[in-house]
Amino acid sequence: MNTPDFSKNPDGLLPCIVQHDRTRHVLMLGYMNREAYEKTLAERLVTFYSRSKQRLWKKGETSGHYLKVKDVRIDCDADAILILAQPAGPVCHTGSDTCFGEVVSSDSGFLAELESVIAHRKSTPNERSYTSGLFQKGINAIAQKVGEEAVELVIEAKDSDDQKFLNEAADLLFHYLVLLQARGYSLQDVEKVLEARHRK
């Protein structure tokens, strides 16, 4: 990967375009100095330099709608940054999916929305939230819960109650998404593995 040349502008700032990792929608435009760029790489959460606040600004620090970095690309002149990111909720302060008023659709439908909620519960703990409580218990407890839900689904699969079977399937899928988030992954990461296997 090229290294951005922050000396190209007198203020030491370079434009940074953030694009949805899955849909390729342009989510927003911000500016980075070297410190913001290095912090973004280290934490894997997008951090800008706010020209109005004159300080580093982590996107989502107030709303909890962070931008999880999936890939970073530098243009051929090393004076612009492109970040592919997974948003944890609406990106714009107006509540829109993007700062350009676009609606970001996903092939995963509600699952993508649910993943965003789970990511928010992880980054912004709420003592009344069941999901936040799972994250606070740690990876072992989450993994154990996935195992328990899997067993319950197997049991219901052998019976004839369709509603109980679907409920257990939903419970397993939910806790599986929590486990992925706890490990720093998303359903999209798993989908890429499956796609790669299929293409072989």
# chains A, B, ... in the order shown; residues from 1 in each chain; ligands from 1
>>> closest_atom_pairs(of="stretch 40-131 of chain A", to="stretch 32-35 of chain A", cutoff="12 Å", atoms="only C-alpha atoms", output="Markdown table")
| residue | atom | partner | partner_atom | distance |
| --- | --- | --- | --- | --- |
| A:Thr40 | CA | A:Glu35 | CA | 8.5 |
| A:Leu41 | CA | A:Glu35 | CA | 10.0 |
| A:Ala42 | CA | A:Glu35 | CA | 10.5 |
| A:Val46 | CA | A:Met32 | CA | 9.6 |
| A:Thr47 | CA | A:Met32 | CA | 7.5 |
| A:Phe48 | CA | A:Met32 | CA | 4.9 |
| A:Tyr49 | CA | A:Met32 | CA | 5.0 |
| A:Ser50 | CA | A:Met32 | CA | 8.2 |
| A:Arg51 | CA | A:Met32 | CA | 9.6 |
| A:Gln54 | CA | A:Asn33 | CA | 11.2 |
| A:Arg55 | CA | A:Asn33 | CA | 10.1 |
| A:Leu56 | CA | A:Glu35 | CA | 8.0 |
| A:Trp57 | CA | A:Met32 | CA | 9.6 |
| A:Lys58 | CA | A:Met32 | CA | 10.8 |
| A:Lys59 | CA | A:Met32 | CA | 11.8 |
| A:Asp79 | CA | A:Met32 | CA | 10.7 |
| A:Ala80 | CA | A:Met32 | CA | 9.5 |
| A:Ile81 | CA | A:Met32 | CA | 8.6 |
| A:Leu82 | CA | A:Met32 | CA | 11.1 |
| A:Ile83 | CA | A:Met32 | CA | 11.5 |
>>> select_by_dssp(residues="stretch 3-165 of chain A", states="helix (DSSP H, G or I)", output="tab-separated table (two decimals) with N, CA and C atoms, in the first residue's frame")
chain	number	residue	atom	x	y	z
A	6	PHE	N	1.36	13.70	3.39
A	6	PHE	CA	0.65	14.80	4.03
A	6	PHE	C	1.35	16.14	3.82
A	7	SER	N	2.56	16.12	3.30
A	7	SER	CA	3.30	17.37	3.05
A	7	SER	C	2.83	18.07	1.79
A	8	LYS	N	1.96	17.41	1.03
A	8	LYS	CA	1.49	18.01	-0.23
A	8	LYS	C	0.59	19.21	-0.01
A	34	ARG	N	-1.74	13.30	9.55
A	34	ARG	CA	-0.98	12.07	9.78
A	34	ARG	C	-1.45	11.35	11.05
A	35	GLU	N	-1.72	12.11	12.10
A	35	GLU	CA	-2.13	11.50	13.37
A	35	GLU	C	-3.47	10.78	13.24
A	36	ALA	N	-4.41	11.41	12.54
A	36	ALA	CA	-5.73	10.79	12.34
A	36	ALA	C	-5.59	9.52	11.51
A	37	TYR	N	-4.74	9.57	10.51
A	37	TYR	CA	-4.52	8.41	9.64
A	37	TYR	C	-3.93	7.25	10.43
A	38	GLU	N	-2.90	7.53	11.22
A	38	GLU	CA	-2.25	6.48	12.00
A	38	GLU	C	-3.19	5.91	13.06
A	39	LYS	N	-4.01	6.76	13.64
A	39	LYS	CA	-4.99	6.29	14.63
A	39	LYS	C	-6.04	5.40	13.98
A	40	THR	N	-6.45	5.77	12.77
A	40	THR	CA	-7.41	4.97	12.02
A	40	THR	C	-6.86	3.59	11.73
A	41	LEU	N	-5.61	3.52	11.32
A	41	LEU	CA	-4.98	2.23	11.03
A	41	LEU	C	-4.83	1.39	12.29
A	42	ALA	N	-4.47	2.03	13.40
A	42	ALA	CA	-4.22	1.31	14.64
A	42	ALA	C	-5.50	0.75	15.26
A	43	GLU	N	-6.57	1.55	15.24
A	43	GLU	CA	-7.81	1.17	15.92
A	43	GLU	C	-8.81	0.52	14.97
A	110	PHE	N	-32.63	-7.29	6.61
A	110	PHE	CA	-32.66	-6.97	8.03
A	110	PHE	C	-31.40	-7.44	8.76
A	111	LEU	N	-30.74	-8.46	8.28
A	111	LEU	CA	-29.54	-8.95	8.95
A	111	LEU	C	-28.47	-7.87	9.03
A	112	ALA	N	-28.34	-7.08	7.96
A	112	ALA	CA	-27.36	-5.99	7.97
A	112	ALA	C	-27.73	-4.96	9.04
A	113	GLU	N	-29.02	-4.67	9.15
A	113	GLU	CA	-29.48	-3.73	10.17
A	113	GLU	C	-29.23	-4.29	11.57
A	114	LEU	N	-29.50	-5.58	11.73
A	114	LEU	CA	-29.29	-6.22	13.03
A	114	LEU	C	-27.81	-6.20	13.40
A	115	GLU	N	-26.95	-6.45	12.44
A	115	GLU	CA	-25.51	-6.39	12.71
A	115	GLU	C	-25.09	-5.01	13.18
A	116	SER	N	-25.67	-3.98	12.60
A	116	SER	CA	-25.36	-2.61	13.01
A	116	SER	C	-25.78	-2.35	14.44
A	117	VAL	N	-26.95	-2.87	14.81
A	117	VAL	CA	-27.42	-2.71	16.19
A	117	VAL	C	-26.49	-3.44	17.16
A	118	ILE	N	-26.09	-4.66	16.79
A	118	ILE	CA	-25.19	-5.44	17.65
A	118	ILE	C	-23.85	-4.73	17.80
A	119	ALA	N	-23.33	-4.19	16.70
A	119	ALA	CA	-22.06	-3.45	16.76
A	119	ALA	C	-22.19	-2.24	17.67
A	120	HIS	N	-23.34	-1.59	17.62
A	120	HIS	CA	-23.57	-0.43	18.47
A	120	HIS	C	-23.62	-0.83	19.94
A	121	ARG	N	-24.26	-1.94	20.23
A	121	ARG	CA	-24.33	-2.42	21.61
A	121	ARG	C	-22.93	-2.78	22.15
A	122	LYS	N	-22.06	-3.20	21.24
A	122	LYS	CA	-20.69	-3.53	21.63
A	122	LYS	C	-19.89	-2.27	21.91
A	123	SER	N	-20.00	-1.28	21.01
A	123	SER	CA	-19.19	-0.07	21.14
A	123	SER	C	-19.75	0.91	22.17
A	130	TYR	N	-29.52	-6.64	26.73
A	130	TYR	CA	-29.10	-8.04	26.80
A	130	TYR	C	-27.83	-8.26	25.99
A	131	THR	N	-27.77	-7.64	24.81
A	131	THR	CA	-26.61	-7.81	23.94
A	131	THR	C	-25.35	-7.23	24.57
A	132	SER	N	-25.46	-6.03	25.13
A	132	SER	CA	-24.30	-5.44	25.82
A	132	SER	C	-23.84	-6.32	26.96
A	133	GLY	N	-24.80	-6.94	27.65
A	133	GLY	CA	-24.47	-7.84	28.75
A	133	GLY	C	-23.66	-9.04	28.27
A	134	LEU	N	-23.99	-9.55	27.09
A	134	LEU	CA	-23.24	-10.67	26.53
A	134	LEU	C	-21.79	-10.27	26.27
A	135	PHE	N	-21.59	-9.09	25.68
A	135	PHE	CA	-20.24	-8.63	25.41
A	135	PHE	C	-19.44	-8.44	26.69
A	136	GLN	N	-20.10	-7.97	27.72
A	136	GLN	CA	-19.41	-7.74	29.00
A	136	GLN	C	-19.00	-9.06	29.65
A	137	LYS	N	-19.73	-10.13	29.38
A	137	LYS	CA	-19.38	-11.44	29.95
A	137	LYS	C	-18.17	-12.06	29.29
A	139	ILE	N	-15.87	-13.51	25.63
A	139	ILE	CA	-15.96	-14.41	24.49
A	139	ILE	C	-16.37	-15.82	24.89
A	140	ASN	N	-15.90	-16.30	26.03
A	140	ASN	CA	-16.24	-17.67	26.45
A	140	ASN	C	-17.74	-17.83	26.69
A	141	ALA	N	-18.32	-16.85	27.35
A	141	ALA	CA	-19.75	-16.91	27.64
A	141	ALA	C	-20.57	-16.82	26.36
A	142	ILE	N	-20.11	-15.98	25.43
A	142	ILE	CA	-20.83	-15.84	24.16
A	142	ILE	C	-20.75	-17.14	23.36
A	143	ALA	N	-19.55	-17.73	23.30
A	143	ALA	CA	-19.38	-18.98	22.57
A	143	ALA	C	-20.23	-20.10	23.18
A	144	GLN	N	-20.28	-20.13	24.50
A	144	GLN	CA	-21.09	-21.14	25.18
A	144	GLN	C	-22.57	-20.96	24.84
A	145	LYS	N	-23.01	-19.71	24.77
A	145	LYS	CA	-24.41	-19.44	24.44
A	145	LYS	C	-24.74	-19.91	23.02
A	146	VAL	N	-23.80	-19.73	22.10
A	146	VAL	CA	-24.01	-20.20	20.73
A	146	VAL	C	-24.16	-21.72	20.73
A	147	GLY	N	-23.33	-22.41	21.53
A	147	GLY	CA	-23.41	-23.86	21.63
A	147	GLY	C	-24.75	-24.32	22.18
A	148	GLU	N	-25.22	-23.62	23.21
A	148	GLU	CA	-26.51	-23.98	23.81
A	148	GLU	C	-27.65	-23.80	22.81
A	149	GLU	N	-27.60	-22.69	22.07
A	149	GLU	CA	-28.67	-22.43	21.10
A	149	GLU	C	-28.63	-23.45	19.96
A	150	ALA	N	-27.43	-23.89	19.60
A	150	ALA	CA	-27.30	-24.89	18.53
A	150	ALA	C	-27.93	-26.21	18.96
A	151	VAL	N	-27.70	-26.59	20.20
A	151	VAL	CA	-28.28	-27.84	20.72
A	151	VAL	C	-29.80	-27.74	20.74
A	152	GLU	N	-30.32	-26.59	21.18
A	152	GLU	CA	-31.77	-26.40	21.24
A	152	GLU	C	-32.39	-26.45	19.84
A	153	LEU	N	-31.67	-25.94	18.86
A	153	LEU	CA	-32.18	-25.98	17.49
A	153	LEU	C	-32.23	-27.42	16.98
A	154	VAL	N	-31.20	-28.19	17.29
A	154	VAL	CA	-31.17	-29.60	16.87
A	154	VAL	C	-32.34	-30.36	17.48
A	155	ILE	N	-32.62	-30.10	18.75
A	155	ILE	CA	-33.74	-30.77	19.43
A	155	ILE	C	-35.06	-30.43	18.76
A	156	GLU	N	-35.26	-29.13	18.46
A	156	GLU	CA	-36.52	-28.70	17.84
A	156	GLU	C	-36.64	-29.21	16.40
A	157	ALA	N	-35.50	-29.43	15.75
A	157	ALA	CA	-35.53	-29.91	14.37
A	157	ALA	C	-36.14	-31.30	14.28
A	162	ASP	N	-43.19	-26.20	14.03
A	162	ASP	CA	-42.44	-25.33	13.12
A	162	ASP	C	-42.09	-23.99	13.77
A	163	GLN	N	-43.00	-23.45	14.57
A	163	GLN	CA	-42.75	-22.14	15.17
A	163	GLN	C	-41.60	-22.21	16.17
A	164	LYS	N	-41.57	-23.26	16.98
A	164	LYS	CA	-40.47	-23.42	17.93
A	164	LYS	C	-39.14	-23.60	17.19
A	165	PHE	N	-39.19	-24.33	16.09
A	165	PHE	CA	-37.98	-24.54	15.29
A	165	PHE	C	-37.46	-23.21	14.75
>>> closest_residue(among="A:Arg197, A:Arg44, A:His25, A:Arg128", to="A:Val103", atoms="only C-alpha atoms")
A:His25
>>> atom_distance(atom1="atom CA of A:Glu191", atom2="atom CA of A:Ile17")
25.0 Å
>>> closest_residue(among="A:Thr3, A:Gln19, A:Ser52, A:Ser96", to="A:Asp75", atoms="only C-alpha atoms")
A:Thr3
